[in-house]
file protein.tsv (TSV, C-alpha atoms and all ligand atoms)
chain	number	residue	atom	x	y	z
C	1	MET	CA	90.02	-72.49	-8.02
C	2	PRO	CA	91.45	-72.68	-11.51
C	3	GLU	CA	92.66	-76.15	-12.32
C	4	GLY	CA	96.04	-76.72	-13.92
C	5	HIS	CA	94.89	-76.42	-17.51
C	6	THR	CA	93.92	-72.80	-16.85
C	7	VAL	CA	97.31	-71.98	-15.39
C	8	HIS	CA	99.01	-73.46	-18.45
C	9	ARG	CA	96.82	-71.25	-20.61
C	10	LEU	CA	97.77	-68.32	-18.45
C	11	ALA	CA	101.47	-69.02	-18.96
C	12	ALA	CA	100.99	-69.13	-22.73
C	13	ALA	CA	99.03	-65.88	-22.58
C	14	PHE	CA	101.80	-64.16	-20.61
C	15	ASP	CA	104.37	-65.34	-23.11
C	16	ARG	CA	102.39	-63.87	-25.98
C	17	ALA	CA	101.42	-60.68	-24.17
C	18	PHE	CA	104.66	-59.72	-22.46
C	19	GLY	CA	107.41	-62.16	-23.50
C	20	GLY	CA	110.68	-60.35	-24.24
C	21	GLN	CA	109.28	-56.97	-23.22
C	22	ARG	CA	110.47	-54.55	-20.62
C	23	VAL	CA	107.52	-54.24	-18.25
C	24	ARG	CA	106.35	-51.83	-15.60
C	25	THR	CA	105.30	-53.41	-12.33
C	26	SER	CA	103.47	-51.94	-9.38
C	27	SER	CA	101.42	-53.00	-6.39
C	28	PRO	CA	98.42	-50.67	-6.10
C	29	GLN	CA	97.37	-52.57	-2.98
C	30	GLY	CA	100.83	-52.11	-1.49
C	31	ARG	CA	101.11	-55.70	-0.29
C	32	PHE	CA	103.72	-56.73	-2.86
C	33	SER	CA	106.59	-54.38	-2.13
C	34	GLU	CA	108.97	-56.32	-4.41
C	35	ALA	CA	107.06	-54.88	-7.37
C	36	ALA	CA	109.28	-51.81	-7.12
C	37	GLN	CA	112.45	-53.92	-7.56
C	38	LEU	CA	111.01	-55.59	-10.62
C	39	ASP	CA	109.88	-52.40	-12.30
C	40	GLY	CA	111.59	-51.97	-15.66
C	41	MET	CA	112.88	-55.53	-15.89
C	42	VAL	CA	112.39	-57.73	-18.96
C	43	LEU	CA	109.84	-60.51	-18.73
C	44	LEU	CA	111.72	-63.43	-20.26
C	45	GLY	CA	108.90	-65.93	-20.19
C	46	ALA	CA	106.21	-67.74	-18.26
C	47	GLU	CA	105.98	-71.30	-17.01
C	48	ALA	CA	103.18	-73.32	-15.41
C	49	VAL	CA	103.72	-76.25	-13.09
C	50	GLY	CA	100.53	-77.63	-11.64
C	51	LYS	CA	98.62	-74.63	-10.36
C	52	HIS	CA	101.78	-72.56	-9.95
C	53	LEU	CA	102.79	-69.80	-12.36
C	54	PHE	CA	106.36	-68.55	-12.66
C	55	LEU	CA	107.21	-65.39	-14.56
C	56	SER	CA	110.94	-65.12	-15.14
C	57	VAL	CA	112.37	-61.61	-15.22
C	58	ALA	CA	115.87	-60.22	-15.74
C	59	PRO	CA	117.55	-56.84	-16.11
C	60	ALA	CA	118.03	-57.33	-19.86
C	61	ARG	CA	116.64	-59.43	-22.67
C	62	ASP	CA	119.88	-61.25	-23.43
C	63	VAL	CA	120.42	-62.51	-19.89
C	64	ASP	CA	120.88	-66.27	-19.91
C	65	ARG	CA	117.92	-68.03	-18.36
C	66	GLY	CA	120.22	-69.92	-16.05
C	67	SER	CA	121.88	-66.74	-14.83
C	68	SER	CA	121.77	-65.83	-11.16
C	69	ALA	CA	120.38	-62.45	-12.26
C	70	VAL	CA	117.08	-64.08	-13.22
C	71	ARG	CA	114.24	-63.80	-10.74
C	72	PHE	CA	110.92	-65.60	-10.70
C	73	VAL	CA	107.59	-64.06	-9.79
C	74	HIS	CA	105.75	-67.01	-8.28
C	75	VAL	CA	101.96	-66.77	-8.24
C	76	HIS	CA	99.38	-69.23	-6.94
C	77	LEU	CA	95.81	-68.03	-7.37
C	78	GLY	CA	94.31	-70.20	-4.64
C	79	LEU	CA	90.58	-70.12	-4.25
C	80	TYR	CA	90.00	-66.44	-4.82
C	81	GLY	CA	92.79	-65.11	-7.00
C	82	SER	CA	92.34	-63.97	-10.57
C	83	TRP	CA	94.17	-62.23	-13.40
C	84	THR	CA	92.39	-59.61	-15.43
C	85	PHE	CA	93.81	-58.50	-18.77
C	86	ALA	CA	93.14	-55.32	-20.72
C	87	GLY	CA	94.81	-53.89	-23.75
C	88	ASP	CA	94.82	-52.94	-27.38
C	89	PRO	CA	92.27	-54.74	-29.54
C	90	GLY	CA	94.84	-57.21	-30.80
C	91	PHE	CA	96.05	-57.86	-27.29
C	92	SER	CA	92.57	-58.47	-25.97
C	93	ASP	CA	91.60	-60.70	-28.87
C	94	ALA	CA	94.63	-62.86	-28.38
C	95	HIS	CA	94.23	-63.20	-24.66
C	96	ALA	CA	90.53	-63.31	-24.06
C	97	ILE	CA	90.91	-66.59	-22.24
C	98	GLY	CA	88.44	-65.51	-19.64
C	99	ALA	CA	85.86	-64.44	-22.21
C	100	PRO	CA	83.34	-62.95	-22.26
C	101	ARG	CA	84.61	-60.80	-19.43
C	102	LEU	CA	88.23	-61.03	-20.46
C	103	ARG	CA	88.93	-62.61	-17.16
C	104	ILE	CA	91.75	-65.04	-16.93
C	105	GLY	CA	91.64	-67.52	-14.12
C	106	GLU	CA	88.08	-68.72	-14.41
C	107	GLN	CA	86.72	-70.23	-11.27
C	108	GLU	CA	84.74	-73.35	-10.75
C	109	GLU	CA	81.75	-71.54	-9.43
C	110	GLY	CA	80.37	-68.25	-8.25
C	111	LEU	CA	81.93	-66.04	-10.87
C	112	ASP	CA	79.00	-63.70	-10.76
C	113	ALA	CA	78.67	-63.82	-7.04
C	114	ASP	CA	82.06	-62.47	-6.14
C	115	GLY	CA	81.09	-58.89	-6.77
C	116	SER	CA	84.20	-58.13	-8.79
C	117	GLY	CA	82.33	-56.35	-11.51
C	118	ALA	CA	85.33	-54.22	-12.29
C	119	ALA	CA	86.44	-56.92	-14.68
C	120	ASP	CA	83.73	-55.69	-17.02
C	121	ALA	CA	85.61	-52.49	-17.51
C	122	VAL	CA	88.65	-54.02	-19.09
C	123	GLY	CA	89.41	-54.67	-22.71
C	124	THR	CA	88.83	-51.13	-23.81
C	125	ALA	CA	91.18	-49.21	-26.03
C	126	ASP	CA	91.74	-46.83	-23.12
C	127	TRP	CA	93.54	-49.38	-21.03
C	128	ARG	CA	96.39	-46.97	-20.37
C	129	ARG	CA	94.06	-44.83	-18.34
C	130	LEU	CA	92.51	-47.66	-16.38
C	131	VAL	CA	92.99	-46.94	-12.71
C	132	PRO	CA	93.68	-50.18	-10.87
C	133	ARG	CA	91.32	-51.28	-8.19
C	134	PRO	CA	92.83	-50.85	-4.72
C	135	THR	CA	92.79	-54.62	-4.30
C	136	VAL	CA	95.25	-55.21	-7.15
C	137	ARG	CA	98.27	-56.96	-5.66
C	138	LEU	CA	100.37	-56.73	-8.80
C	139	ARG	CA	99.95	-54.84	-12.05
C	140	ILE	CA	102.15	-55.70	-15.01
C	141	ALA	CA	102.08	-53.22	-17.88
C	142	GLY	CA	103.59	-53.86	-21.30
C	143	HIS	CA	103.50	-52.13	-24.66
C	144	ARG	CA	100.05	-53.32	-25.60
C	145	GLY	CA	98.22	-54.03	-22.39
C	146	ILE	CA	98.12	-54.74	-18.71
C	147	ALA	CA	97.52	-57.67	-16.40
C	148	ASP	CA	96.12	-57.16	-12.91
C	149	LEU	CA	96.44	-59.77	-10.19
C	150	THR	CA	93.99	-59.79	-7.29
C	151	GLY	CA	93.49	-62.08	-4.34
C	152	PRO	CA	96.27	-64.65	-4.87
C	153	THR	CA	97.31	-67.13	-2.21
C	154	ALA	CA	100.95	-66.57	-3.17
C	155	CYS	CA	102.72	-63.73	-4.94
C	156	GLU	CA	106.44	-63.60	-4.24
C	157	VAL	CA	109.82	-63.15	-5.87
C	158	LEU	CA	112.11	-66.19	-5.85
C	159	ASP	CA	115.61	-66.95	-7.07
C	160	ALA	CA	116.44	-70.19	-8.86
C	161	ASP	CA	116.78	-72.09	-5.58
C	162	GLY	CA	113.42	-70.80	-4.41
C	163	ARG	CA	111.77	-71.90	-7.62
C	164	ARG	CA	113.37	-75.32	-7.32
C	165	ALA	CA	112.09	-75.64	-3.74
C	166	VAL	CA	108.53	-75.04	-4.94
C	167	LEU	CA	108.93	-77.58	-7.75
C	168	ASP	CA	110.36	-80.16	-5.35
C	169	ARG	CA	107.14	-80.03	-3.35
C	170	LEU	CA	105.02	-80.84	-6.39
C	171	GLY	CA	104.15	-84.15	-7.94
C	172	PRO	CA	104.05	-84.84	-11.68
C	173	ASP	CA	102.03	-82.48	-13.87
C	174	PRO	CA	100.04	-84.26	-16.60
C	175	LEU	CA	100.49	-81.23	-18.87
C	176	ARG	CA	104.29	-81.30	-18.82
C	177	PRO	CA	106.07	-83.23	-21.58
C	178	ASP	CA	106.85	-86.78	-20.43
C	179	PRO	CA	108.73	-88.48	-23.26
C	180	ASP	CA	110.18	-91.30	-21.17
C	181	GLY	CA	107.15	-91.94	-18.96
C	182	ARG	CA	108.97	-90.85	-15.82
C	183	GLU	CA	106.14	-88.59	-14.67
C	184	ARG	CA	103.59	-91.33	-15.14
C	185	ARG	CA	105.70	-93.70	-13.06
C	186	ARG	CA	106.00	-91.12	-10.29
C	187	PHE	CA	102.20	-90.88	-10.18
C	188	VAL	CA	101.66	-94.64	-10.18
C	189	GLU	CA	104.21	-95.17	-7.42
C	190	ALA	CA	102.87	-92.36	-5.25
C	191	VAL	CA	99.35	-93.75	-5.44
C	192	ARG	CA	100.26	-97.39	-4.91
C	193	ARG	CA	102.42	-96.89	-1.85
C	194	SER	CA	99.72	-94.97	0.05
C	195	ARG	CA	97.00	-96.12	2.41
C	196	THR	CA	95.14	-92.88	1.74
C	197	THR	CA	91.99	-93.02	-0.35
C	198	ILE	CA	92.33	-92.36	-4.05
C	199	GLY	CA	89.81	-89.54	-3.65
C	200	ALA	CA	92.14	-87.77	-1.25
C	201	LEU	CA	95.33	-88.64	-3.13
C	202	LEU	CA	94.08	-86.97	-6.29
C	203	MET	CA	93.73	-83.69	-4.38
C	204	ASN	CA	97.26	-83.94	-3.02
C	205	GLN	CA	99.52	-81.80	-5.20
C	206	LYS	CA	102.50	-83.96	-4.21
C	207	VAL	CA	100.84	-86.93	-5.88
C	208	VAL	CA	99.66	-85.13	-8.99
C	209	ALA	CA	100.02	-81.41	-9.64
C	210	GLY	CA	97.34	-79.34	-11.23
C	211	ILE	CA	94.14	-81.26	-10.80
C	212	GLY	CA	91.27	-79.90	-8.76
C	213	ASN	CA	87.81	-80.87	-7.73
C	214	ILE	CA	86.27	-81.19	-11.19
C	215	TYR	CA	88.98	-83.39	-12.64
C	216	ARG	CA	89.06	-85.48	-9.45
C	217	ALA	CA	85.37	-86.33	-9.57
C	218	GLU	CA	85.27	-86.88	-13.30
C	219	LEU	CA	88.45	-88.94	-13.49
C	220	LEU	CA	87.19	-91.29	-10.77
C	221	PHE	CA	83.92	-91.73	-12.59
C	222	ARG	CA	85.63	-92.45	-15.90
C	223	ALA	CA	87.79	-95.01	-14.11
C	224	ARG	CA	84.66	-96.45	-12.44
C	225	LEU	CA	86.60	-96.18	-9.19
C	226	ASP	CA	85.08	-95.86	-5.76
C	227	PRO	CA	86.63	-92.67	-4.27
C	228	SER	CA	87.19	-94.38	-0.92
C	229	VAL	CA	89.54	-97.11	-2.16
C	230	PRO	CA	93.04	-96.86	-0.68
C	231	GLY	CA	95.72	-96.12	-3.24
C	232	ARG	CA	97.65	-99.24	-2.37
C	233	ASP	CA	94.69	-101.43	-3.35
C	234	LEU	CA	94.86	-100.27	-6.97
C	235	SER	CA	96.59	-102.12	-9.75
C	236	ALA	CA	99.42	-100.51	-11.67
C	237	GLY	CA	97.36	-100.84	-14.84
C	238	MET	CA	94.48	-98.91	-13.30
C	239	CYS	CA	96.81	-96.12	-12.17
C	240	GLU	CA	98.48	-95.95	-15.58
C	241	GLY	CA	95.08	-95.79	-17.25
C	242	MET	CA	94.01	-92.96	-14.98
C	243	TRP	CA	97.17	-91.03	-15.73
C	244	GLU	CA	96.74	-91.40	-19.47
C	245	ASP	CA	93.12	-90.35	-19.20
C	246	LEU	CA	94.09	-87.32	-17.16
C	247	VAL	CA	96.69	-86.32	-19.74
C	248	ALA	CA	94.04	-86.43	-22.48
C	249	LEU	CA	91.40	-84.59	-20.44
C	250	MET	CA	93.76	-81.86	-19.34
C	251	ALA	CA	95.30	-81.42	-22.78
C	252	TYR	CA	91.82	-80.81	-24.10
C	253	GLY	CA	91.22	-78.34	-21.25
C	254	ALA	CA	94.46	-76.52	-21.94
C	255	ARG	CA	93.63	-76.25	-25.63
C	256	THR	CA	90.05	-75.07	-25.25
C	257	GLY	CA	89.87	-73.59	-21.76
C	258	ARG	CA	86.99	-75.92	-20.96
C	259	ILE	CA	86.64	-79.11	-19.00
C	260	VAL	CA	84.55	-81.63	-20.89
C	261	THR	CA	84.67	-85.22	-19.69
C	262	THR	CA	81.50	-86.73	-21.13
C	263	GLN	CA	81.44	-88.98	-24.14
C	264	PRO	CA	79.06	-87.61	-26.80
C	265	GLU	CA	76.71	-90.58	-26.45
C	266	HIS	CA	76.25	-89.85	-22.73
C	267	ARG	CA	75.38	-86.19	-23.01
C	268	ALA	CA	71.74	-86.35	-23.93
C	269	ILE	CA	69.58	-86.77	-20.88
C	270	GLU	CA	65.86	-86.72	-20.48
C	271	ALA	CA	64.33	-83.33	-21.09
C	272	ARG	CA	62.43	-83.45	-17.83
C	273	LEU	CA	65.63	-83.25	-15.89
C	274	VAL	CA	66.59	-79.84	-14.73
C	275	GLU	CA	70.33	-79.80	-14.72
C	276	ARG	CA	72.01	-77.77	-12.08
C	277	SER	CA	75.68	-77.42	-12.51
C	278	ARG	CA	75.32	-74.72	-9.86
C	279	GLY	CA	76.80	-71.81	-11.68
C	280	THR	CA	79.92	-73.65	-12.77
C	281	ARG	CA	81.00	-71.22	-15.42
C	282	GLN	CA	83.47	-71.96	-18.10
C	283	ASN	CA	84.95	-70.07	-20.98
C	284	GLY	CA	82.72	-69.90	-24.00
C	285	ASP	CA	79.49	-70.71	-22.20
C	286	GLU	CA	77.70	-68.37	-24.58
C	287	ASP	CA	79.18	-70.09	-27.60
C	288	PRO	CA	76.56	-72.46	-29.10
C	289	SER	CA	79.28	-74.52	-30.77
C	290	VAL	CA	80.71	-75.87	-27.52
C	291	VAL	CA	79.40	-78.57	-25.23
C	292	PRO	CA	77.10	-76.82	-22.74
C	293	ARG	CA	78.31	-77.02	-19.19
C	294	GLU	CA	75.26	-78.99	-18.09
C	295	GLU	CA	76.38	-81.74	-20.47
C	296	SER	CA	80.07	-81.52	-19.73
C	297	PHE	CA	80.33	-83.61	-16.56
C	298	TYR	CA	79.29	-87.06	-15.40
C	299	VAL	CA	79.05	-86.40	-11.69
C	300	TYR	CA	80.51	-83.02	-10.75
C	301	HIS	CA	77.74	-81.02	-9.04
C	302	ARG	CA	75.19	-83.58	-10.24
C	303	GLN	CA	74.35	-84.89	-6.77
C	304	THR	CA	70.68	-85.98	-6.46
C	305	LEU	CA	70.44	-86.27	-10.25
C	306	PRO	CA	70.39	-89.64	-12.04
C	307	CYS	CA	73.70	-91.00	-13.30
C	308	ARG	CA	74.04	-90.54	-17.06
C	309	LEU	CA	74.89	-94.22	-17.49
C	310	CYS	CA	72.80	-96.17	-14.99
C	311	GLY	CA	70.21	-93.76	-13.59
C	312	THR	CA	71.30	-94.22	-9.97
C	313	VAL	CA	71.25	-91.02	-7.95
C	314	VAL	CA	74.65	-89.36	-7.87
C	315	CYS	CA	76.04	-88.95	-4.33
C	316	SER	CA	78.20	-86.29	-2.73
C	317	ALA	CA	80.30	-86.21	0.43
C	318	ASP	CA	83.24	-84.37	1.87
C	319	LEU	CA	86.59	-85.92	1.06
C	320	ALA	CA	89.93	-84.20	1.67
C	321	GLY	CA	88.20	-80.93	2.42
C	322	ARG	CA	86.27	-80.66	-0.81
C	323	THR	CA	83.04	-82.23	-1.95
C	324	VAL	CA	83.46	-85.34	-4.04
C	325	PHE	CA	80.68	-86.55	-6.33
C	326	TRP	CA	80.23	-90.14	-7.48
C	327	CYS	CA	77.80	-92.75	-8.73
C	328	PRO	CA	77.61	-95.55	-6.15
C	329	ARG	CA	76.62	-98.08	-8.78
C	330	CYS	CA	79.00	-97.31	-11.64
C	331	GLN	CA	81.95	-96.56	-9.38
C	332	SER	CA	82.25	-99.94	-7.74
C	333	VAL	CA	85.83	-100.79	-8.70
C	334	ARG	CA	87.84	-101.42	-5.53
C	335	SER	CA	90.12	-104.26	-6.44
C	336	ARG	CA	93.88	-104.61	-6.72
C	337	ARG	CA	93.31	-106.68	-9.84
C	338	ALA	CA	91.11	-104.15	-11.56
C	339	ALA	CA	92.44	-103.02	-14.89
C	340	TRP	CA	91.55	-100.02	-16.97
C	341	THR	CA	89.30	-101.95	-19.32
C	342	ARG	CA	87.22	-99.38	-21.10
C	343	GLU	CA	88.12	-98.52	-24.64
C	344	HIS	CA	90.99	-96.09	-24.60
C	345	PRO	CA	91.57	-93.34	-25.33
C	346	ALA	CA	88.07	-92.74	-24.05
C	347	ALA	CA	88.12	-89.19	-25.25
C	348	PRO	CA	87.77	-89.20	-29.03
C	349	TRP	CA	86.86	-85.53	-28.95
C	350	ALA	CA	90.35	-84.82	-27.69
C	351	LEU	CA	91.54	-85.43	-31.22
C	352	GLU	CA	88.86	-83.35	-32.87
C	353	PRO	CA	88.94	-79.62	-33.57
C	354	GLY	CA	85.93	-79.07	-31.32
C	355	PRO	CA	83.94	-81.20	-28.92
C	356	ARG	CA	80.85	-80.95	-31.07
C	357	ALA	CA	82.64	-82.52	-33.98
C	358	ALA	CA	82.43	-85.89	-32.31
C	359	ALA	CA	78.88	-85.37	-31.14
C	360	VAL	CA	77.20	-85.23	-34.52
T	401	ZN	ZN	75.95	-94.83	-12.63
call {"tool": "encode", "arguments": {"input": "protein.tsv", "output": "structure tokens"}}
result
Amino acid sequence: MPEGHTVHRLAAAFDRAFGGQRVRTSSPQGRFSEAAQLDGMVLLGAEAVGKHLFLSVAPARDVDRGSSAVRFVHVHLGLYGSWTFAGDPGFSDAHAIGAPRLRIGEQEEGLDADGSGAADAVGTADWRRLVPRPTVRLRIAGHRGIADLTGPTACEVLDADGRRAVLDRLGPDPLRPDPDGRERRRFVEAVRRSRTTIGALLMNQKVVAGIGNIYRAELLFRARLDPSVPGRDLSAGMCEGMWEDLVALMAYGARTGRIVTTQPEHRAIEARLVERSRGTRQNGDEDPSVVPREESFYVYHRQTLPCRLCGTVVCSADLAGRTVFWCPRCQSVRSRRAAWTREHPAAPWALEPGPRAAAV
């Protein structure tokens, strides 16, 4: 499932690709009948909140965004959904977020195993003649390209009240601007009033919107927190530190399309180790200038391998329906008094043009 940083990149890509344009919409699969009502409307803009994408559309370009004539196409990709873009060379270059297959909505694992090889066909100059696969729920066509949506958990048309209802069910999103710290306080309060384990709370989109299994495991490691500690046992300082760390990690992810949580000094591991990040594919894996995925994580999918810091074998277990990974030795913090003590920001690469810049 794409984590929130990918959905924010998607929103930016939609803005650049279709913003202000009159678009054609269709549902080749036939399961999104509202596509016919939207056909010919103007796509005003795109917005990401957590893992939710909203495309606002209106009958004309000059319609006020607060007008009751505005509708919102609400999409949640879920575990299996993806967007595929194709278009003119300029269009493809600008939006090749899912490179090298021009797939937007990269998944944590199994990209090659899902059999959707049709994505290879996109990105050609002949995009106007591309016949959609019969599984395409929604096709959006603009002047310079198309976007095909397949397999989403949600694809619906909402009015302003419907959009608000979705937002009201979501917790704070670390990628949304938070000038007065209100979002951070919402997170801290939601964690500290709960008896639920922090490992489960981080997967609850009402507590924090947009994070998924990779960020959960990595954030807990970076906080040195035991995933089974109840939220209410954590200090406010620890929760604030986690939030700030999450903001930095996800901002880096939104900028680069990649999740990298390791400090440069922790990346090198003994050559005899065979890393297995189990097919966790990320954008730019073929690019030698980026941190390879087998060096990108501390614990995610590193179960049975030695911890990068202490050498203890990394564990895995089911928590809140998804596998959580942790180092039982490093992640021993359980106390209400525990503070976020490590040097912060602990992500110097977040300020650099590329992750490698800090590694050399
Ligand atoms: Zn360790």
call {"tool": "closest_atom_pairs", "arguments": {"input": "protein.tsv", "of": "chain C", "to": "ligand ZN 401 (chain T)", "cutoff": "9 Å", "atoms": "all atoms listed in the file", "output": "CSV"}}
result
residue,atom,partner,partner_atom,distance
C:Phe221,CA,T:ZN401,ZN,8.6
C:Arg224,CA,T:ZN401,ZN,8.9
C:Tyr298,CA,T:ZN401,ZN,8.9
C:Pro306,CA,T:ZN401,ZN,7.6
C:Cys307,CA,T:ZN401,ZN,4.5
C:Arg308,CA,T:ZN401,ZN,6.5
C:Leu309,CA,T:ZN401,ZN,5.0
C:Cys310,CA,T:ZN401,ZN,4.2
C:Gly311,CA,T:ZN401,ZN,5.9
C:Thr312,CA,T:ZN401,ZN,5.4
C:Val313,CA,T:ZN401,ZN,7.6
C:Val314,CA,T:ZN401,ZN,7.4
C:Trp326,CA,T:ZN401,ZN,8.2
C:Cys327,CA,T:ZN401,ZN,4.8
C:Pro328,CA,T:ZN401,ZN,6.7
C:Arg329,CA,T:ZN401,ZN,5.1
C:Cys330,CA,T:ZN401,ZN,4.1
C:Gln331,CA,T:ZN401,ZN,7.0
call {"tool": "write_last_selection", "arguments": {"input": "protein.tsv", "atoms": "C-alpha atoms", "output": "mmCIF file, in the frame of the given file"}}
result
data_model
loop_
_atom_site.group_PDB
_atom_site.id
_atom_site.type_symbol
_atom_site.label_atom_id
_atom_site.label_comp_id
_atom_site.auth_asym_id
_atom_site.auth_seq_id
_atom_site.Cartn_x
_atom_site.Cartn_y
_atom_site.Cartn_z
ATOM 1 C CA PHE C 221 83.920 -91.730 -12.590
ATOM 2 C CA ARG C 224 84.660 -96.450 -12.440
ATOM 3 C CA TYR C 298 79.290 -87.060 -15.400
ATOM 4 C CA PRO C 306 70.390 -89.640 -12.040
ATOM 5 C CA CYS C 307 73.700 -91.000 -13.300
ATOM 6 C CA ARG C 308 74.040 -90.540 -17.060
ATOM 7 C CA LEU C 309 74.890 -94.220 -17.490
ATOM 8 C CA CYS C 310 72.800 -96.170 -14.990
ATOM 9 C CA GLY C 311 70.210 -93.760 -13.590
ATOM 10 C CA THR C 312 71.300 -94.220 -9.970
ATOM 11 C CA VAL C 313 71.250 -91.020 -7.950
ATOM 12 C CA VAL C 314 74.650 -89.360 -7.870
ATOM 13 C CA TRP C 326 80.230 -90.140 -7.480
ATOM 14 C CA CYS C 327 77.800 -92.750 -8.730
ATOM 15 C CA PRO C 328 77.610 -95.550 -6.150
ATOM 16 C CA ARG C 329 76.620 -98.080 -8.780
ATOM 17 C CA CYS C 330 79.000 -97.310 -11.640
ATOM 18 C CA GLN C 331 81.950 -96.560 -9.380
#
call {"tool": "closest_residue", "arguments": {"input": "protein.tsv", "among": "C:Ala236, C:Leu10, C:Leu130, C:Ile198", "to": "Arg337 in chain C", "atoms": "only C-alpha atoms"}}
result
C:Ala236
call {"tool": "residues_around", "arguments": {"input": "protein.tsv", "residues": "Asp159 in chain C", "least_positions_apart": "2", "cutoff": "12 Å", "atoms": "only C-alpha atoms", "output": "list in words"}}
result
Phe54, Leu55, Ser56, Val57, Ala58, Arg65, Gly66, Ser67, Ser68, Ala69, Val70, Arg71, Phe72, Val73, His74, Glu156, Val157, Asp161, Gly162, Arg163, Arg164, Ala165 and Val166 of chain C
call {"tool": "atom_distance", "arguments": {"input": "protein.tsv", "atom1": "CA of Thr197 in chain C", "atom2": "CA of Arg216 in chain C"}}
result
12.2 Å
call {"tool": "atom_distance", "arguments": {"input": "protein.tsv", "atom1": "CA of Tyr252 in chain C", "atom2": "CA of Leu219 in chain C"}}
result
13.8 Å
call {"tool": "atom_distance", "arguments": {"input": "protein.tsv", "atom1": "CA of Leu149 in chain C", "atom2": "CA of Ala13 in chain C"}}
result
14.1 Å
call {"tool": "residues_around", "arguments": {"input": "protein.tsv", "residues": "Thr262 in chain C", "least_positions_apart": "3", "cutoff": "9 Å", "atoms": "all atoms listed in the file", "output": "ChimeraX atom specification"}}
result
/C:218,222,265-267,295-298,347
call {"tool": "decode", "arguments": {"input": "protein.tsv", "residues": "range 150-161 of chain C", "atoms": "N, CA, C and O atoms", "output": "PDB file, in the first residue's frame"}}
result
ATOM      1  N   THR C 150      -6.664   1.666 -11.378  1.00  0.00           N
ATOM      2  CA  THR C 150      -7.137   0.286 -11.253  1.00  0.00           C
ATOM      3  C   THR C 150      -7.114  -0.144  -9.791  1.00  0.00           C
ATOM      4  O   THR C 150      -6.253   0.287  -9.028  1.00  0.00           O
ATOM      5  N   GLY C 151      -8.059  -0.962  -9.441  1.00  0.00           N
ATOM      6  CA  GLY C 151      -8.052  -1.661  -8.156  1.00  0.00           C
ATOM      7  C   GLY C 151      -8.135  -0.844  -6.894  1.00  0.00           C
ATOM      8  O   GLY C 151      -7.642  -1.295  -5.853  1.00  0.00           O
ATOM      9  N   PRO C 152      -8.762   0.354  -6.907  1.00  0.00           N
ATOM     10  CA  PRO C 152      -8.787   1.144  -5.664  1.00  0.00           C
ATOM     11  C   PRO C 152      -9.754   0.551  -4.647  1.00  0.00           C
ATOM     12  O   PRO C 152     -10.691  -0.158  -5.005  1.00  0.00           O
ATOM     13  N   THR C 153      -9.522   0.884  -3.392  1.00  0.00           N
ATOM     14  CA  THR C 153     -10.487   0.546  -2.342  1.00  0.00           C
ATOM     15  C   THR C 153     -11.675   1.486  -2.406  1.00  0.00           C
ATOM     16  O   THR C 153     -12.807   1.081  -2.167  1.00  0.00           O
ATOM     17  N   ALA C 154     -11.418   2.744  -2.725  1.00  0.00           N
ATOM     18  CA  ALA C 154     -12.495   3.731  -2.832  1.00  0.00           C
ATOM     19  C   ALA C 154     -12.296   4.572  -4.078  1.00  0.00           C
ATOM     20  O   ALA C 154     -11.179   4.978  -4.391  1.00  0.00           O
ATOM     21  N   CYS C 155     -13.391   4.775  -4.801  1.00  0.00           N
ATOM     22  CA  CYS C 155     -13.407   5.726  -5.919  1.00  0.00           C
ATOM     23  C   CYS C 155     -14.843   6.209  -5.991  1.00  0.00           C
ATOM     24  O   CYS C 155     -15.739   5.459  -6.381  1.00  0.00           O
ATOM     25  N   GLU C 156     -15.070   7.447  -5.562  1.00  0.00           N
ATOM     26  CA  GLU C 156     -16.437   7.944  -5.446  1.00  0.00           C
ATOM     27  C   GLU C 156     -16.445   9.445  -5.660  1.00  0.00           C
ATOM     28  O   GLU C 156     -15.409  10.096  -5.570  1.00  0.00           O
ATOM     29  N   VAL C 157     -17.636   9.967  -5.945  1.00  0.00           N
ATOM     30  CA  VAL C 157     -17.789  11.410  -6.096  1.00  0.00           C
ATOM     31  C   VAL C 157     -18.477  11.955  -4.851  1.00  0.00           C
ATOM     32  O   VAL C 157     -19.512  11.430  -4.432  1.00  0.00           O
ATOM     33  N   LEU C 158     -17.872  12.984  -4.250  1.00  0.00           N
ATOM     34  CA  LEU C 158     -18.416  13.575  -3.027  1.00  0.00           C
ATOM     35  C   LEU C 158     -18.673  15.057  -3.240  1.00  0.00           C
ATOM     36  O   LEU C 158     -18.017  15.705  -4.056  1.00  0.00           O
ATOM     37  N   ASP C 159     -19.628  15.599  -2.460  1.00  0.00           N
ATOM     38  CA  ASP C 159     -19.747  17.054  -2.392  1.00  0.00           C
ATOM     39  C   ASP C 159     -18.901  17.541  -1.211  1.00  0.00           C
ATOM     40  O   ASP C 159     -18.192  16.750  -0.578  1.00  0.00           O
ATOM     41  N   ALA C 160     -18.987  18.832  -0.931  1.00  0.00           N
ATOM     42  CA  ALA C 160     -18.116  19.385   0.109  1.00  0.00           C
ATOM     43  C   ALA C 160     -18.372  18.724   1.465  1.00  0.00           C
ATOM     44  O   ALA C 160     -17.435  18.471   2.231  1.00  0.00           O
ATOM     45  N   ASP C 161     -19.634  18.430   1.762  1.00  0.00           N
ATOM     46  CA  ASP C 161     -19.936  17.775   3.040  1.00  0.00           C
ATOM     47  C   ASP C 161     -19.343  16.364   3.087  1.00  0.00           C
ATOM     48  O   ASP C 161     -18.858  15.918   4.133  1.00  0.00           O
TER      49      ASP C 161
END
